[in-house]
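Visitor: Got a file for you: my_file21.cif, mmCIF, C-alpha atoms.
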```
data_protein
loop_
_atom_site.label_atom_id
_atom_site.label_comp_id
_atom_site.auth_asym_id
_atom_site.auth_seq_id
_atom_site.Cartn_x
_atom_site.Cartn_y
_atom_site.Cartn_z
CA MET M 1 -87.68 21.54 -100.14
CA ILE M 2 -91.35 22.45 -99.99
CA ARG M 3 -93.56 22.07 -103.08
CA GLN M 4 -97.12 23.17 -103.68
CA HIS M 5 -99.26 20.07 -104.29
CA ASP M 6 -103.06 20.15 -104.46
CA THR M 7 -103.11 23.41 -102.48
CA VAL M 8 -101.26 21.77 -99.59
CA ASP M 9 -97.61 22.34 -98.79
CA VAL M 10 -95.85 18.99 -98.90
CA GLU M 11 -92.30 18.52 -97.73
CA HIS M 12 -90.33 16.03 -99.79
CA ASP M 13 -89.16 13.54 -97.20
CA VAL M 14 -87.62 10.46 -98.82
CA TYR M 15 -88.40 8.45 -95.70
CA LEU M 16 -92.16 8.85 -96.22
CA ALA M 17 -93.81 6.12 -98.28
CA MET M 18 -95.61 8.55 -100.57
CA CYS M 19 -92.62 10.81 -101.24
CA PRO M 20 -92.41 11.50 -104.99
CA CYS M 21 -88.63 11.11 -104.77
CA ARG M 22 -88.90 7.36 -104.13
CA PRO M 23 -89.18 6.30 -107.82
CA LEU M 24 -86.17 8.49 -108.62
CA LEU M 25 -84.16 6.87 -105.84
CA ASP M 26 -85.28 3.45 -107.06
CA LEU M 27 -84.03 4.23 -110.56
CA LEU M 28 -80.69 5.63 -109.42
CA ALA M 29 -80.09 2.87 -106.87
CA ASN M 30 -80.35 0.23 -109.59
CA LYS M 31 -76.89 -1.14 -110.43
CA TRP M 32 -77.50 -1.07 -114.19
CA SER M 33 -78.69 2.54 -114.08
CA THR M 34 -75.65 3.52 -112.05
CA LEU M 35 -73.30 1.72 -114.43
CA ALA M 36 -75.04 2.97 -117.59
CA ILE M 37 -74.81 6.57 -116.41
CA GLY M 38 -71.12 5.99 -115.64
CA ALA M 39 -70.54 4.48 -119.08
CA LEU M 40 -72.06 7.58 -120.70
CA GLU M 41 -70.03 10.12 -118.70
CA ASP M 42 -67.39 10.43 -121.42
CA GLY M 43 -69.86 11.06 -124.23
CA PRO M 44 -72.40 9.41 -126.50
CA ARG M 45 -72.35 5.67 -127.10
CA ARG M 46 -74.27 3.29 -129.27
CA PHE M 47 -76.26 0.41 -127.84
CA GLY M 48 -73.61 -2.20 -128.76
CA GLU M 49 -70.85 -0.12 -127.17
CA LEU M 50 -72.87 0.15 -123.97
CA GLN M 51 -73.57 -3.57 -123.93
CA ARG M 52 -69.86 -4.36 -124.30
CA LYS M 53 -68.94 -1.83 -121.60
CA LEU M 54 -71.56 -3.18 -119.16
CA GLU M 55 -70.42 -6.78 -119.08
CA GLY M 56 -73.14 -9.15 -117.92
CA ILE M 57 -76.14 -7.05 -118.94
CA SER M 58 -78.61 -8.66 -121.32
CA PRO M 59 -79.93 -6.72 -124.31
CA LYS M 60 -83.41 -6.78 -122.74
CA VAL M 61 -82.24 -5.29 -119.45
CA LEU M 62 -80.08 -2.69 -121.19
CA THR M 63 -83.07 -1.64 -123.30
CA GLN M 64 -85.28 -1.40 -120.18
CA THR M 65 -82.61 0.56 -118.32
CA LEU M 66 -82.05 3.03 -121.15
CA ARG M 67 -85.80 3.53 -121.57
CA ARG M 68 -86.23 4.24 -117.86
CA LEU M 69 -83.28 6.66 -117.87
CA GLU M 70 -84.63 8.39 -120.96
CA ALA M 71 -88.14 8.66 -119.49
CA ALA M 72 -86.70 10.20 -116.32
CA GLY M 73 -84.72 12.77 -118.29
CA PHE M 74 -81.22 11.40 -117.62
CA VAL M 75 -80.47 10.15 -121.14
CA ASP M 76 -81.17 11.45 -124.63
CA ARG M 77 -81.65 8.99 -127.47
CA THR M 78 -80.66 10.30 -130.89
CA ILE M 79 -81.48 8.46 -134.09
CA ILE M 80 -78.91 9.08 -136.81
CA PRO M 81 -80.33 8.46 -140.26
CA ALA M 82 -77.89 6.17 -141.98
CA VAL M 83 -77.86 2.71 -143.46
CA PRO M 84 -78.05 0.89 -141.14
CA LEU M 85 -79.76 3.24 -138.68
CA HIS M 86 -77.60 4.40 -135.77
CA VAL M 87 -78.88 5.30 -132.32
CA ASP M 88 -76.70 7.22 -129.89
CA TYR M 89 -77.34 7.56 -126.17
CA GLN M 90 -75.92 10.45 -124.19
CA LEU M 91 -76.40 12.05 -120.80
CA THR M 92 -78.58 15.12 -120.45
CA ASP M 93 -77.64 17.92 -118.04
CA LEU M 94 -79.70 16.11 -115.42
CA GLY M 95 -77.83 12.89 -116.21
CA HIS M 96 -74.48 14.65 -115.84
CA SER M 97 -75.57 16.05 -112.47
CA ALA M 98 -76.55 12.55 -111.30
CA ALA M 99 -73.25 11.14 -112.60
CA VAL M 100 -71.26 13.04 -109.97
CA PRO M 101 -72.66 11.38 -106.82
CA LEU M 102 -73.01 8.03 -108.61
CA ALA M 103 -69.28 8.12 -109.48
CA HIS M 104 -68.59 8.48 -105.75
CA VAL M 105 -70.82 5.47 -105.00
CA ARG M 106 -69.03 3.34 -107.62
CA SER M 107 -65.64 4.43 -106.30
CA TRP M 108 -66.69 3.68 -102.71
CA ALA M 109 -67.85 0.19 -103.76
CA VAL M 110 -64.49 -0.56 -105.41
CA GLN M 111 -62.56 0.74 -102.39
CA ASN M 112 -64.64 -1.19 -99.86
CA ILE M 113 -65.52 -4.49 -101.53
CA ASP M 114 -62.82 -6.40 -99.64
CA ALA M 115 -63.98 -5.08 -96.26
CA ALA M 116 -67.63 -5.80 -97.09
CA THR M 117 -66.79 -9.33 -98.23
CA ALA M 118 -64.70 -9.95 -95.09
CA ALA M 119 -67.52 -8.68 -92.88
CA GLN M 120 -69.96 -11.00 -94.63
CA ARG M 121 -67.71 -13.99 -94.06
CA ALA M 122 -67.00 -13.17 -90.40
CA PRO M 123 -68.81 -15.39 -87.89
CA ARG M 124 -71.84 -13.82 -86.24
CA ALA M 125 -72.61 -13.99 -82.55
CA GLY M 126 -73.60 -17.55 -81.68
CA GLU M 127 -72.47 -18.93 -85.05
CA ASP M 128 -69.95 -21.73 -85.36
CA PRO M 129 -66.75 -20.14 -86.80
CA ALA M 130 -66.08 -23.28 -88.85
CA SER M 131 -69.44 -23.07 -90.61
CA ALA M 132 -68.91 -19.39 -91.44
CA ALA M 133 -65.46 -20.09 -92.86
CA SER M 134 -66.63 -23.04 -94.96
CA GLY M 135 -69.44 -21.19 -96.74
CA ASN M 136 -69.18 -20.93 -100.51
CA LEU M 137 -70.71 -17.48 -100.77
CA ARG M 138 -69.78 -15.17 -103.58
CA PRO M 139 -69.16 -11.58 -102.44
CA LEU M 140 -72.22 -9.99 -100.85
CA ASP M 141 -74.56 -12.99 -101.24
CA GLY M 142 -77.27 -12.88 -98.65
CA LEU M 143 -77.16 -9.11 -98.19
CA GLY M 144 -80.25 -8.43 -100.27
CA LEU M 145 -78.14 -6.90 -103.00
CA GLY M 146 -78.91 -9.47 -105.68
CA ASP M 147 -79.31 -8.94 -109.38
CA ASP M 148 -82.75 -7.34 -109.36
CA LEU M 149 -82.88 -6.89 -113.14
CA ALA M 150 -79.98 -9.14 -114.08
#
```
So that I can check it, write out the structure of this file as structure tokens.

Guide:
Amino acid sequence: MIRQHDTVDVEHDVYLAMCPCRPLLDLLANKWSTLAIGALEDGPRRFGELQRKLEGISPKVLTQTLRRLEAAGFVDRTIIPAVPLHVDYQLTDLGHSAAVPLAHVRSWAVQNIDAATAAQRAPRAGEDPASAASGNLRPLDGLGLGDDLA
């Protein structure tokens, strides 16, 4: 897609360092963003419900994730005046559109985790098979897919 930017036509190419799509890809590629969007697919949830659904996420990281998703237009935050105050989070139309491909990514991960783990544990060329088999790696350790905001 071509956009007008500072009187120069700029093609959005995600492989270019200055592509404006990069921050969006960064947000959507984050595991907590992907999981939070998935948790909101069925309708609004409160913070505590989201935290219980997203096992392992800290309150701080959930807050950061929801703020980033809200700022990007994927999530609406609604304050419900009550005692105590209630806050609901729900997907916007943009959030629902992002939920579709992200559901495919989550499904692919579930379907392929065993193959990815087996490939990680397989000996590499020139590696001693005994040392590869004796490693105490958890699935996908060493692949650069660590808990970036865990």

Visitor: Could you tell me, as a ChimeraX atom specification, exactly which residues end up selected when the PyMOL selection byres ((chain M and resi 89) around 8) is applied to this structure?

Guide: /M:40,44-47,75-78,87-88,90-91

Visitor: Would you please work out which residue, of M:Tyr15, M:Ala36, M:His96, M:Pro81, is nearest to Glu55 (chain M) when using only C-alpha atoms?

Guide: M:Ala36

Visitor: Taking 4 positions as the minimum chain separation for residues in the same chain, which residues sit within 10 Å of region 56-72 of chain M when counting only C-alpha atoms? Answer as number ranges by chain.

Guide: M: 23-24, 27-28, 30-34, 36-37, 47-48, 50-52, 76-77, 89-92, 94-95, 149-150

Visitor: Mind giving me the straight-line distance from CA of Leu35 (chain M) to CA of His86 (chain M) in Å, one decimal?

Guide: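 So the two atoms, CA of Leu35 (chain M) and CA of His86 (chain M), lie 21.9 Å apart.
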
Visitor: Please write as a compact mmCIF listing (two decimals) with C-alpha atoms, in the frame of the given file the list of polymer residues whose atoms come within 12 Å of (-85.3, 11.4, -100.6), counting all atoms listed in the file and keeping to the coordinates of the file.

Guide:
```txt
# COMPACT_ATOMS: atom_id res chain seq x y z
CA MET M 1 -87.68 21.54 -100.14
CA GLU M 11 -92.30 18.52 -97.73
CA HIS M 12 -90.33 16.03 -99.79
CA ASP M 13 -89.16 13.54 -97.20
CA VAL M 14 -87.62 10.46 -98.82
CA TYR M 15 -88.40 8.45 -95.70
CA LEU M 16 -92.16 8.85 -96.22
CA ALA M 17 -93.81 6.12 -98.28
CA MET M 18 -95.61 8.55 -100.57
CA CYS M 19 -92.62 10.81 -101.24
CA PRO M 20 -92.41 11.50 -104.99
CA CYS M 21 -88.63 11.11 -104.77
CA ARG M 22 -88.90 7.36 -104.13
CA PRO M 23 -89.18 6.30 -107.82
CA LEU M 24 -86.17 8.49 -108.62
CA LEU M 25 -84.16 6.87 -105.84
CA ASP M 26 -85.28 3.45 -107.06
CA LEU M 28 -80.69 5.63 -109.42
CA ALA M 29 -80.09 2.87 -106.87
```

Visitor: One decimal, Å: what's the distance from CA of Ala98 (chain M) over to CA of Phe74 (chain M), could you say?

Guide: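 Spanning CA of Ala98 (chain M) to CA of Phe74 (chain M) is a straight-line distance of 7.9 Å.
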
Visitor: Could you state the separation of CA of Leu102 (chain M) and CA of Gly38 (chain M) in Å, given to one decimal place?

Guide: 7.6 Å

Visitor: Any chance you could build region 32-49 of chain M out to N, CA and C atoms and write it as an mmCIF file, keeping the file's coordinate frame?

Guide:
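Output file part-v2.cif is given in full below:
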```cif
data_model
loop_
_atom_site.group_PDB
_atom_site.id
_atom_site.type_symbol
_atom_site.label_atom_id
_atom_site.label_comp_id
_atom_site.auth_asym_id
_atom_site.auth_seq_id
_atom_site.Cartn_x
_atom_site.Cartn_y
_atom_site.Cartn_z
ATOM 1 N N TRP M 32 -77.652 -1.293 -112.750
ATOM 2 C CA TRP M 32 -77.500 -1.070 -114.190
ATOM 3 C C TRP M 32 -77.663 0.387 -114.538
ATOM 4 N N SER M 33 -78.550 1.092 -113.854
ATOM 5 C CA SER M 33 -78.690 2.540 -114.080
ATOM 6 C C SER M 33 -77.406 3.253 -113.696
ATOM 7 N N THR M 34 -76.879 2.905 -112.531
ATOM 8 C CA THR M 34 -75.650 3.520 -112.050
ATOM 9 C C THR M 34 -74.496 3.271 -113.015
ATOM 10 N N LEU M 35 -74.390 2.053 -113.503
ATOM 11 C CA LEU M 35 -73.300 1.720 -114.430
ATOM 12 C C LEU M 35 -73.521 2.325 -115.808
ATOM 13 N N ALA M 36 -74.757 2.369 -116.287
ATOM 14 C CA ALA M 36 -75.040 2.970 -117.590
ATOM 15 C C ALA M 36 -74.730 4.458 -117.579
ATOM 16 N N ILE M 37 -75.121 5.142 -116.516
ATOM 17 C CA ILE M 37 -74.810 6.570 -116.410
ATOM 18 C C ILE M 37 -73.296 6.757 -116.395
ATOM 19 N N GLY M 38 -72.582 5.912 -115.662
ATOM 20 C CA GLY M 38 -71.120 5.990 -115.640
ATOM 21 C C GLY M 38 -70.510 5.748 -117.007
ATOM 22 N N ALA M 39 -71.067 4.800 -117.749
ATOM 23 C CA ALA M 39 -70.540 4.480 -119.080
ATOM 24 C C ALA M 39 -70.773 5.614 -120.069
ATOM 25 N N LEU M 40 -71.753 6.463 -119.797
ATOM 26 C CA LEU M 40 -72.060 7.580 -120.700
ATOM 27 C C LEU M 40 -71.404 8.891 -120.280
ATOM 28 N N GLU M 41 -70.653 8.879 -119.183
ATOM 29 C CA GLU M 41 -70.030 10.120 -118.700
ATOM 30 C C GLU M 41 -69.080 10.745 -119.713
ATOM 31 N N ASP M 42 -68.388 9.911 -120.487
ATOM 32 C CA ASP M 42 -67.390 10.430 -121.420
ATOM 33 C C ASP M 42 -67.963 10.812 -122.771
ATOM 34 N N GLY M 43 -69.250 10.673 -122.963
ATOM 35 C CA GLY M 43 -69.860 11.060 -124.230
ATOM 36 C C GLY M 43 -70.804 10.014 -124.760
ATOM 37 N N PRO M 44 -71.397 10.313 -125.921
ATOM 38 C CA PRO M 44 -72.400 9.410 -126.500
ATOM 39 C C PRO M 44 -71.835 8.045 -126.832
ATOM 40 N N ARG M 45 -72.696 7.051 -126.725
ATOM 41 C CA ARG M 45 -72.350 5.670 -127.100
ATOM 42 C C ARG M 45 -73.542 5.049 -127.791
ATOM 43 N N ARG M 46 -73.231 4.091 -128.641
ATOM 44 C CA ARG M 46 -74.270 3.290 -129.270
ATOM 45 C C ARG M 46 -74.621 2.130 -128.361
ATOM 46 N N PHE M 47 -75.758 1.506 -128.650
ATOM 47 C CA PHE M 47 -76.260 0.410 -127.840
ATOM 48 C C PHE M 47 -75.204 -0.692 -127.690
ATOM 49 N N GLY M 48 -74.611 -1.121 -128.799
ATOM 50 C CA GLY M 48 -73.610 -2.200 -128.760
ATOM 51 C C GLY M 48 -72.406 -1.836 -127.922
ATOM 52 N N GLU M 49 -71.977 -0.575 -127.995
ATOM 53 C CA GLU M 49 -70.850 -0.120 -127.170
ATOM 54 C C GLU M 49 -71.204 -0.206 -125.692
#
```
